Amino acid sequence: MAIKTIGVLTSGGDAPGMNAAIRAVVRTAIHNGLNVKGIMRGYAGLLQEEIVDMESTSVSEIIHRGGTILYTARCQEFTTAEGQKKGAEICKKHGIDGVVVIGGDGSFQGAGKLSALGINTIGIPGTIDLDIACTEYTIGFDTAVNTAMDAIDKVRDTSTSHERCSIIEVMGRNAGYIALWCGFANGAEDVLLPERYDGNEQALIDKIIENRKRGKKHHIIINAEGIGHSTSMAKRIEAATGIETRATILGYMQRGGAPTCKDRVYASIMGAKAVELLIAGKSNRLVAYKNGEYVDFDIQEALAMTKDISEDQFRISKLLVR
C-alpha cells in the first residue's frame, strides 16, 4: 500500500539539528505529494493524540534553532505492549501510515514495535552521545562537542590564571566520545572514559604532582558523565596534592545552541532519506552514515550492534594528552 500520510516525532533527549531533520522530512514529503502530521512530545504526545497538520511553512526559520519544535518527552507507557498497540491504533485513526522517529536507541525500540504493528517506521539517529553502533554520525554530536570544547577553553583560561587543577565533566551518558574528542581538541592532560578508565585515581594524583614539578601551571582533566563524581574527585585530588582543584560540570548546555553546519546538513540529508525509504515501501529501518555514505539498517539488527571507542584514537589520545 502506498504511503499517503507521514507522521514525524522527536523522542528522548533533544539534540541540535533535530529541527533540520524535521524540516527535511516535512518538505521532502510535501514535494512528493504526501501529507505530513507533526506528533508533539514524542510517544507521550502520540498516546495523547497531540497531532498537528504540517505545511511547508510550518518548518520555515527553524533550521538554525537548537532543540526541537515538536518538543520531546520520555514515555513509560509506550514501553508496554498495551501502549504500543494504542499508539498504532492512534496512527491508523489519524490516517498516518508512515512514521519518522528522530531519537536514540530507546526511541528506536518503540519504532520497531510500531513497525511490527503495521505502521511503516523509519528511525533517524538523534543523540549528542554518538552511541548508536551502526552509524558514524548522530545528529547533535558535532554541535555538543564544539560547545563543550569552547567551554573547556574558557575554563582553561581561569585555571591557568589561578594555577589550578580543573576537572571538567562532559555529557555522553555511558559513552566517552564527547570526552575523547575534547581531550584531543582542548589539549587536556587527562581524559577519563567509561570504556577505558580503570579507577586508578592515584595515577592521576601522581601525574598532577609530576607535571607541577616540571613547571606546568595547570592540569585539565576531562571526565565523562559515565564516570561522574567530579566534585568528590576534585576534593580528594586537592587533599592529596595540595593544589587547588575545582570541578565544573557542563551539563545541559551541551544539548542547546544553534547547530553547526555539519549537524544542519547531515540531519537534512537523513530526514530526506527517511521519507524516501517510506515512499519505497520500507519499514523498520534506521538511517545511518557509514564510510562516507548514507545507508540504512534493520532496526533490530542495528540495536543488536555494539560500539566501542576506537582503539587507535584512544592510543593517539594517550600520546598527546600529557
# chains A, B, ... in the order shown; residues from 1 in each chain; ligands from 1
>>> closest_atom_pairs(of="region 184-236 of chain A", to="region 240-256 of chain A", cutoff="9 Å", atoms="only C-alpha atoms", output="Markdown table")
| residue | atom | partner | partner_atom | distance |
| --- | --- | --- | --- | --- |
| A:Ile205 | CA | A:Thr241 | CA | 6.7 |
| A:Asp206 | CA | A:Thr241 | CA | 8.5 |
| A:Ile208 | CA | A:Thr241 | CA | 7.7 |
| A:Ile209 | CA | A:Thr241 | CA | 6.5 |
| A:Glu225 | CA | A:Gly251 | CA | 8.9 |
| A:Ser230 | CA | A:Ala247 | CA | 5.8 |
| A:Thr231 | CA | A:Ala247 | CA | 5.3 |
| A:Ser232 | CA | A:Ala247 | CA | 8.6 |
| A:Met233 | CA | A:Ala247 | CA | 8.2 |
| A:Ala234 | CA | A:Thr245 | CA | 5.4 |
| A:Lys235 | CA | A:Thr245 | CA | 7.0 |
| A:Arg236 | CA | A:Ala240 | CA | 6.2 |
>>> write_last_selection(atoms="N, CA and C atoms", output="PDB file, in the first residue's frame")
ATOM      1  N   ILE A 205      46.776  11.451  40.502  1.00  0.00           N
ATOM      2  CA  ILE A 205      47.427  12.298  41.503  1.00  0.00           C
ATOM      3  C   ILE A 205      48.930  12.374  41.252  1.00  0.00           C
ATOM      4  N   ASP A 206      49.532  11.225  40.988  1.00  0.00           N
ATOM      5  CA  ASP A 206      50.987  11.199  40.731  1.00  0.00           C
ATOM      6  C   ASP A 206      51.337  12.035  39.509  1.00  0.00           C
ATOM      7  N   ILE A 208      49.643  14.626  38.280  1.00  0.00           N
ATOM      8  CA  ILE A 208      49.463  16.047  38.594  1.00  0.00           C
ATOM      9  C   ILE A 208      50.687  16.581  39.337  1.00  0.00           C
ATOM     10  N   ILE A 209      51.159  15.820  40.308  1.00  0.00           N
ATOM     11  CA  ILE A 209      52.333  16.242  41.087  1.00  0.00           C
ATOM     12  C   ILE A 209      53.569  16.322  40.202  1.00  0.00           C
ATOM     13  N   GLU A 225      30.659  11.783  31.716  1.00  0.00           N
ATOM     14  CA  GLU A 225      29.469  11.660  32.564  1.00  0.00           C
ATOM     15  C   GLU A 225      29.302  10.239  33.101  1.00  0.00           C
ATOM     16  N   SER A 230      32.566  14.151  39.829  1.00  0.00           N
ATOM     17  CA  SER A 230      33.672  15.087  39.631  1.00  0.00           C
ATOM     18  C   SER A 230      33.948  15.933  40.868  1.00  0.00           C
ATOM     19  N   THR A 231      32.896  16.331  41.573  1.00  0.00           N
ATOM     20  CA  THR A 231      33.081  17.198  42.737  1.00  0.00           C
ATOM     21  C   THR A 231      33.838  16.474  43.851  1.00  0.00           C
ATOM     22  N   SER A 232      33.447  15.241  44.145  1.00  0.00           N
ATOM     23  CA  SER A 232      34.145  14.482  45.188  1.00  0.00           C
ATOM     24  C   SER A 232      35.558  14.128  44.746  1.00  0.00           C
ATOM     25  N   MET A 233      35.747  13.869  43.462  1.00  0.00           N
ATOM     26  CA  MET A 233      37.079  13.580  42.936  1.00  0.00           C
ATOM     27  C   MET A 233      37.990  14.803  43.110  1.00  0.00           C
ATOM     28  N   ALA A 234      37.443  15.991  42.850  1.00  0.00           N
ATOM     29  CA  ALA A 234      38.228  17.219  42.999  1.00  0.00           C
ATOM     30  C   ALA A 234      38.685  17.400  44.439  1.00  0.00           C
ATOM     31  N   LYS A 235      37.821  17.124  45.388  1.00  0.00           N
ATOM     32  CA  LYS A 235      38.176  17.260  46.805  1.00  0.00           C
ATOM     33  C   LYS A 235      39.306  16.298  47.181  1.00  0.00           C
ATOM     34  N   ARG A 236      39.229  15.080  46.690  1.00  0.00           N
ATOM     35  CA  ARG A 236      40.263  14.088  47.018  1.00  0.00           C
ATOM     36  C   ARG A 236      41.605  14.473  46.393  1.00  0.00           C
TER      37      ARG A 236
END
>>> residues_around(residues="Ala144 (chain A)", least_positions_apart="6", cutoff="12 Å", atoms="only C-alpha atoms", output="number ranges by chain")
A: 14-17, 66-67, 126-130, 138, 150-151, 170-172, 177-179, 181-182, 250-260, 262-263
>>> write_last_selection(atoms="N, CA and C atoms", output="compact mmCIF listing (two decimals), in the first residue's frame")
# COMPACT_ATOMS: atom_id res chain seq x y z
N ASP A 14 16.86 15.83 23.61
CA ASP A 14 16.93 16.68 22.43
C ASP A 14 18.38 16.81 21.97
N ALA A 15 18.55 17.16 20.71
CA ALA A 15 19.89 17.30 20.13
C ALA A 15 19.86 18.37 19.06
N PRO A 16 20.86 19.27 19.03
CA PRO A 16 20.89 20.31 17.99
C PRO A 16 20.95 19.66 16.60
N GLY A 17 20.10 20.12 15.71
CA GLY A 17 20.00 19.53 14.38
C GLY A 17 18.69 18.78 14.17
N GLY A 66 18.28 25.43 17.94
CA GLY A 66 18.53 24.22 18.70
C GLY A 66 17.23 23.64 19.22
N GLY A 67 17.33 22.52 19.92
CA GLY A 67 16.13 21.89 20.47
C GLY A 67 15.28 21.26 19.39
N GLY A 126 19.29 10.66 16.46
CA GLY A 126 19.45 12.00 17.02
C GLY A 126 19.85 11.90 18.47
N THR A 127 21.14 12.02 18.74
CA THR A 127 21.65 11.97 20.11
C THR A 127 23.04 12.57 20.16
N ILE A 128 23.30 13.41 21.15
CA ILE A 128 24.63 14.02 21.26
C ILE A 128 25.68 12.99 21.70
N ASP A 129 25.24 11.81 22.14
CA ASP A 129 26.17 10.84 22.73
C ASP A 129 27.00 10.07 21.71
N LEU A 130 26.57 10.05 20.44
CA LEU A 130 27.25 9.30 19.38
C LEU A 130 27.34 7.81 19.72
N THR A 138 25.75 10.89 14.56
CA THR A 138 24.41 11.07 15.11
C THR A 138 24.14 12.56 15.22
N ASP A 150 34.47 24.75 23.48
CA ASP A 150 34.53 26.20 23.73
C ASP A 150 34.50 26.48 25.23
N ALA A 151 33.64 25.76 25.95
CA ALA A 151 33.54 25.98 27.40
C ALA A 151 34.83 25.57 28.10
N VAL A 170 31.85 16.27 31.12
CA VAL A 170 31.06 16.44 29.90
C VAL A 170 30.02 15.34 29.80
N MET A 171 29.01 15.58 28.96
CA MET A 171 27.92 14.62 28.82
C MET A 171 28.33 13.45 27.91
N GLY A 172 27.38 12.53 27.72
CA GLY A 172 27.64 11.37 26.89
C GLY A 172 27.07 10.09 27.48
N TYR A 177 32.61 9.54 23.90
CA TYR A 177 33.03 10.19 22.66
C TYR A 177 33.22 11.70 22.82
N ILE A 178 32.32 12.37 23.52
CA ILE A 178 32.50 13.81 23.73
C ILE A 178 33.78 14.06 24.52
N ALA A 179 34.00 13.26 25.56
CA ALA A 179 35.21 13.42 26.38
C ALA A 179 36.47 13.17 25.55
N TRP A 181 36.93 13.40 22.24
CA TRP A 181 37.16 14.46 21.26
C TRP A 181 37.63 15.75 21.92
N CYS A 182 37.06 16.07 23.08
CA CYS A 182 37.51 17.27 23.78
C CYS A 182 38.93 17.09 24.31
N LEU A 250 29.56 20.66 32.94
CA LEU A 250 28.98 21.46 31.85
C LEU A 250 27.49 21.20 31.69
N GLY A 251 27.05 19.97 31.89
CA GLY A 251 25.62 19.68 31.93
C GLY A 251 24.87 19.99 30.64
N TYR A 252 23.62 20.45 30.81
CA TYR A 252 22.69 20.52 29.68
C TYR A 252 22.99 21.62 28.69
N MET A 253 23.93 22.52 28.99
CA MET A 253 24.32 23.50 27.99
C MET A 253 24.79 22.81 26.71
N GLN A 254 25.28 21.59 26.84
CA GLN A 254 25.79 20.86 25.67
C GLN A 254 24.67 20.41 24.73
N ARG A 255 23.45 20.38 25.23
CA ARG A 255 22.31 20.00 24.37
C ARG A 255 21.79 21.18 23.55
N GLY A 256 22.07 22.40 24.00
CA GLY A 256 21.46 23.56 23.38
C GLY A 256 22.35 24.24 22.36
N GLY A 257 21.84 25.35 21.86
CA GLY A 257 22.60 26.18 20.94
C GLY A 257 22.30 25.88 19.48
N ALA A 258 22.66 26.85 18.64
CA ALA A 258 22.45 26.69 17.19
C ALA A 258 23.31 25.54 16.66
N PRO A 259 22.74 24.65 15.87
CA PRO A 259 23.52 23.53 15.34
C PRO A 259 24.61 23.99 14.38
N THR A 260 25.70 23.25 14.36
CA THR A 260 26.78 23.53 13.42
C THR A 260 26.34 23.25 11.99
N LYS A 262 27.64 21.10 9.99
CA LYS A 262 27.59 19.65 9.79
C LYS A 262 26.27 19.08 10.29
N ASP A 263 25.84 19.50 11.48
CA ASP A 263 24.58 18.98 12.01
C ASP A 263 23.39 19.41 11.18
>>> atom_distance(atom1="CA of Ile30 (chain A)", atom2="CA of Ala2 (chain A)")
14.7 Å
>>> residues_around(residues="Ala44 (chain A)", least_positions_apart="2", cutoff="12 Å", atoms="only C-alpha atoms", output="number ranges by chain")
A: 9-12, 39-42, 46-51, 70-79, 83-84, 86-87, 90, 107, 110
>>> select_by_dssp(residues="region 34-206 of chain A", states="alpha helix (DSSP H)", output="VMD selection string")
chain A and resid 42 to 47 81 to 93 105 to 116 141 to 161 177 to 186 201 to 206
>>> write_last_selection(atoms="C-alpha atoms", output="short mmCIF file (atom, residue, chain, number, x, y, z; two decimals), in the first residue's frame")
data_model
loop_
_atom_site.label_atom_id
_atom_site.label_comp_id
_atom_site.auth_asym_id
_atom_site.auth_seq_id
_atom_site.Cartn_x
_atom_site.Cartn_y
_atom_site.Cartn_z
CA GLY A 42 7.27 12.04 21.24
CA TYR A 43 5.44 8.83 22.07
CA ALA A 44 3.77 10.54 25.04
CA GLY A 45 2.17 13.02 22.65
CA LEU A 46 1.18 10.21 20.28
CA LEU A 47 -0.73 8.46 23.07
CA ALA A 81 2.53 -3.83 24.77
CA GLU A 82 -0.74 -2.04 25.58
CA GLY A 83 0.83 1.38 25.00
CA GLN A 84 2.39 0.29 21.72
CA LYS A 85 -0.91 -1.14 20.46
CA LYS A 86 -2.69 2.07 21.44
CA GLY A 87 -0.05 4.09 19.57
CA ALA A 88 -0.51 2.06 16.39
CA GLU A 89 -4.30 2.42 16.62
CA ILE A 90 -4.00 6.20 17.03
CA CYS A 91 -1.75 6.37 13.96
CA LYS A 92 -4.39 4.49 11.95
CA LYS A 93 -7.16 6.70 13.36
CA ASP A 105 18.19 3.68 20.94
CA GLY A 106 15.17 3.76 23.28
CA SER A 107 13.21 5.64 20.62
CA PHE A 108 14.15 3.04 18.03
CA GLN A 109 12.88 0.21 20.18
CA GLY A 110 9.49 1.94 20.11
CA ALA A 111 9.79 2.45 16.35
CA GLY A 112 10.41 -1.27 15.88
CA LYS A 113 7.26 -2.07 17.87
CA LEU A 114 5.17 0.31 15.75
CA SER A 115 6.52 -1.33 12.62
CA ALA A 116 5.54 -4.77 13.89
CA PHE A 141 27.17 15.30 18.45
CA ASP A 142 29.11 17.82 16.38
CA THR A 143 27.38 20.80 17.99
CA ALA A 144 27.63 19.34 21.50
CA VAL A 145 31.34 18.62 21.23
CA ASN A 146 32.02 22.11 19.85
CA THR A 147 30.01 23.65 22.70
CA ALA A 148 31.98 21.61 25.24
CA MET A 149 35.27 22.48 23.55
CA ASP A 150 34.53 26.20 23.73
CA ALA A 151 33.54 25.98 27.40
CA ILE A 152 36.67 24.00 28.31
CA ASP A 153 38.86 26.61 26.59
CA LYS A 154 37.31 29.22 28.86
CA VAL A 155 37.80 27.12 31.99
CA ARG A 156 41.42 26.59 30.98
CA ASP A 157 42.00 30.36 30.92
CA THR A 158 40.91 30.83 34.51
CA SER A 159 42.50 27.56 35.62
CA THR A 160 45.85 28.76 34.29
CA SER A 161 45.48 32.18 35.92
CA TYR A 177 33.03 10.19 22.66
CA ILE A 178 32.50 13.81 23.73
CA ALA A 179 35.21 13.42 26.38
CA LEU A 180 37.65 11.81 23.93
CA TRP A 181 37.16 14.46 21.26
CA CYS A 182 37.51 17.27 23.78
CA GLY A 183 40.66 15.60 25.08
CA PHE A 184 42.14 16.00 21.61
CA ALA A 185 40.71 19.43 20.87
CA ASN A 186 41.41 21.07 24.23
CA GLU A 201 42.94 7.76 40.99
CA GLN A 202 46.42 7.54 42.48
CA ALA A 203 47.89 7.52 38.97
CA LEU A 204 46.07 10.82 38.30
CA ILE A 205 47.43 12.30 41.50
CA ASP A 206 50.99 11.20 40.73
#
>>> closest_residue(among="A:Asn211, A:Asn284, A:Gln300, A:Thr28", to="Ile269 (chain A)", atoms="only C-alpha atoms")
A:Thr28
>>> closest_residue(among="A:Ile69, A:Ala272, A:Leu193, A:Val287", to="Phe314 (chain A)", atoms="only C-alpha atoms")
A:Leu193
>>> residues_around(residues="Leu192 (chain A)", least_positions_apart="2", cutoff="9 Å", atoms="only C-alpha atoms", output="JSON, numbers by chain")
{"A": [176, 179, 180, 190, 194, 195, 196, 197, 221, 222, 223, 224, 227]}
>>> write_last_selection(atoms="C-alpha atoms", output="PDB file, in the first residue's frame")
ATOM      1  CA  GLY A 176      33.040   8.663  26.148  1.00  0.00           C
ATOM      2  CA  ALA A 179      35.210  13.418  26.384  1.00  0.00           C
ATOM      3  CA  LEU A 180      37.654  11.811  23.935  1.00  0.00           C
ATOM      4  CA  ASP A 190      43.990  13.585  31.299  1.00  0.00           C
ATOM      5  CA  PRO A 194      33.906   4.981  30.925  1.00  0.00           C
ATOM      6  CA  GLU A 195      35.086   2.500  28.277  1.00  0.00           C
ATOM      7  CA  ARG A 196      38.708   2.648  29.482  1.00  0.00           C
ATOM      8  CA  TYR A 197      39.043   4.180  32.964  1.00  0.00           C
ATOM      9  CA  ILE A 221      41.086  16.556  33.467  1.00  0.00           C
ATOM     10  CA  ILE A 222      38.112  15.871  31.201  1.00  0.00           C
ATOM     11  CA  ASN A 223      35.766  13.467  32.939  1.00  0.00           C
ATOM     12  CA  ALA A 224      32.976  11.647  31.114  1.00  0.00           C
ATOM     13  CA  ILE A 227      32.234   8.104  35.392  1.00  0.00           C
TER      14      ILE A 227
END
>>> select_by_dssp(residues="region 82-182 of chain A", states="strand (DSSP E or B)", output="number ranges by chain")
A: 98-103, 120-126, 139, 165-170
>>> write_last_selection(atoms="C-alpha atoms", output="CSV table (one decimal), in the first residue's frame")
chain,number,residue,atom,x,y,z
A,98,GLY,CA,4.3,6.0,8.0
A,99,VAL,CA,6.3,7.5,10.9
A,100,VAL,CA,9.7,9.0,11.1
A,101,VAL,CA,11.2,8.7,14.6
A,102,ILE,CA,14.2,11.0,15.5
A,103,GLY,CA,15.9,9.9,18.6
A,120,ASN,CA,5.8,1.7,8.4
A,121,THR,CA,8.5,3.3,10.5
A,122,ILE,CA,12.0,4.8,9.8
A,123,GLY,CA,14.4,6.0,12.5
A,124,ILE,CA,16.9,8.8,12.4
A,125,PRO,CA,19.7,8.8,15.0
A,126,GLY,CA,19.4,12.0,17.0
A,139,ILE,CA,22.5,14.4,15.0
A,165,CYS,CA,43.7,21.6,38.6
A,166,SER,CA,40.3,21.6,36.9
A,167,ILE,CA,38.1,18.6,36.4
A,168,ILE,CA,35.5,19.3,33.7
A,169,GLU,CA,32.7,16.8,33.3
A,170,VAL,CA,31.1,16.4,29.9
>>> atom_distance(atom1="CA of Glu189 (chain A)", atom2="CA of Leu320 (chain A)")
8.4 Å
>>> closest_residue(among="A:Met18, A:Ile96, A:Cys261, A:Val25", to="Ile62 (chain A)", atoms="only C-alpha atoms")
A:Met18
>>> atom_distance(atom1="CA of Lys282 (chain A)", atom2="CA of Arg27 (chain A)")
19.2 Å
>>> closest_residue(among="A:Asn174, A:Ser317, A:Asn19, A:Ser56", to="Gly140 (chain A)", atoms="only C-alpha atoms")
A:Asn19
>>> closest_residue(among="A:Ala175, A:Ala24, A:Ile316, A:Ile237", to="Ser60 (chain A)", atoms="only C-alpha atoms")
A:Ala24
>>> decode(residues="region 96-123 of chain A", atoms="N, CA and C atoms", output="JSON list (two decimals), in the first residue's frame")
[["chain", "number", "residue", "atom", "x", "y", "z"],
["A", 96, "ILE", "N", -2.26, 8.03, 9.56],
["A", 96, "ILE", "CA", -0.80, 8.03, 9.46],
["A", 96, "ILE", "C", -0.33, 6.61, 9.13],
["A", 97, "ASP", "N", 0.21, 6.44, 7.92],
["A", 97, "ASP", "CA", 0.68, 5.09, 7.56],
["A", 97, "ASP", "C", 2.19, 4.96, 7.56],
["A", 98, "GLY", "N", 2.89, 6.05, 7.85],
["A", 98, "GLY", "CA", 4.34, 6.01, 7.98],
["A", 98, "GLY", "C", 4.80, 7.00, 9.04],
["A", 99, "VAL", "N", 5.77, 6.61, 9.85],
["A", 99, "VAL", "CA", 6.27, 7.49, 10.91],
["A", 99, "VAL", "C", 7.78, 7.58, 10.84],
["A", 100, "VAL", "N", 8.31, 8.80, 10.96],
["A", 100, "VAL", "CA", 9.74, 9.03, 11.08],
["A", 100, "VAL", "C", 10.02, 9.37, 12.55],
["A", 101, "VAL", "N", 10.87, 8.57, 13.18],
["A", 101, "VAL", "CA", 11.21, 8.74, 14.59],
["A", 101, "VAL", "C", 12.65, 9.25, 14.69],
["A", 102, "ILE", "N", 12.83, 10.42, 15.28],
["A", 102, "ILE", "CA", 14.16, 11.01, 15.45],
["A", 102, "ILE", "C", 14.52, 10.90, 16.93],
["A", 103, "GLY", "N", 15.56, 10.12, 17.25],
["A", 103, "GLY", "CA", 15.92, 9.93, 18.65],
["A", 103, "GLY", "C", 17.07, 8.97, 18.81],
["A", 104, "GLY", "N", 17.13, 8.34, 19.98],
["A", 104, "GLY", "CA", 18.20, 7.41, 20.29],
["A", 104, "GLY", "C", 17.72, 5.98, 20.35],
["A", 105, "ASP", "N", 18.51, 5.10, 20.99],
["A", 105, "ASP", "CA", 18.19, 3.68, 20.94],
["A", 105, "ASP", "C", 16.85, 3.34, 21.58],
["A", 106, "GLY", "N", 16.47, 4.02, 22.67],
["A", 106, "GLY", "CA", 15.17, 3.76, 23.28],
["A", 106, "GLY", "C", 14.03, 4.13, 22.33],
["A", 107, "SER", "N", 14.21, 5.21, 21.60],
["A", 107, "SER", "CA", 13.21, 5.64, 20.62],
["A", 107, "SER", "C", 13.06, 4.62, 19.51],
["A", 108, "PHE", "N", 14.18, 4.01, 19.12],
["A", 108, "PHE", "CA", 14.15, 3.04, 18.03],
["A", 108, "PHE", "C", 13.49, 1.73, 18.44],
["A", 109, "GLN", "N", 13.60, 1.39, 19.71],
["A", 109, "GLN", "CA", 12.88, 0.21, 20.18],
["A", 109, "GLN", "C", 11.38, 0.41, 20.00],
["A", 110, "GLY", "N", 10.90, 1.62, 20.32],
["A", 110, "GLY", "CA", 9.49, 1.94, 20.11],
["A", 110, "GLY", "C", 9.13, 1.94, 18.64],
["A", 111, "ALA", "N", 10.04, 2.44, 17.79],
["A", 111, "ALA", "CA", 9.79, 2.45, 16.35],
["A", 111, "ALA", "C", 9.64, 1.03, 15.81],
["A", 112, "GLY", "N", 10.50, 0.13, 16.30],
["A", 112, "GLY", "CA", 10.41, -1.27, 15.88],
["A", 112, "GLY", "C", 9.08, -1.89, 16.26],
["A", 113, "LYS", "N", 8.56, -1.54, 17.44],
["A", 113, "LYS", "CA", 7.26, -2.07, 17.87],
["A", 113, "LYS", "C", 6.13, -1.55, 17.00],
["A", 114, "LEU", "N", 6.18, -0.26, 16.64],
["A", 114, "LEU", "CA", 5.17, 0.31, 15.75],
["A", 114, "LEU", "C", 5.18, -0.39, 14.40],
["A", 115, "SER", "N", 6.39, -0.65, 13.90],
["A", 115, "SER", "CA", 6.52, -1.33, 12.62],
["A", 115, "SER", "C", 5.88, -2.71, 12.65],
["A", 116, "ALA", "N", 6.11, -3.42, 13.75],
["A", 116, "ALA", "CA", 5.54, -4.77, 13.89],
["A", 116, "ALA", "C", 4.02, -4.74, 13.95],
["A", 117, "LEU", "N", 3.46, -3.57, 14.31],
["A", 117, "LEU", "CA", 2.01, -3.43, 14.41],
["A", 117, "LEU", "C", 1.41, -2.81, 13.15],
["A", 118, "GLY", "N", 2.20, -2.76, 12.08],
["A", 118, "GLY", "CA", 1.65, -2.36, 10.79],
["A", 118, "GLY", "C", 1.84, -0.91, 10.39],
["A", 119, "ILE", "N", 2.61, -0.15, 11.18],
["A", 119, "ILE", "CA", 2.89, 1.25, 10.82],
["A", 119, "ILE", "C", 4.31, 1.32, 10.28],
["A", 120, "ASN", "N", 4.46, 1.64, 9.01],
["A", 120, "ASN", "CA", 5.81, 1.73, 8.43],
["A", 120, "ASN", "C", 6.62, 2.78, 9.18],
["A", 121, "THR", "N", 7.77, 2.40, 9.66],
["A", 121, "THR", "CA", 8.52, 3.27, 10.55],
["A", 121, "THR", "C", 9.99, 3.32, 10.16],
["A", 122, "ILE", "N", 10.55, 4.55, 10.13],
["A", 122, "ILE", "CA", 11.96, 4.77, 9.85],
["A", 122, "ILE", "C", 12.56, 5.60, 10.98],
["A", 123, "GLY", "N", 13.74, 5.22, 11.46],
["A", 123, "GLY", "CA", 14.41, 5.95, 12.52],
["A", 123, "GLY", "C", 15.56, 6.79, 11.99]]
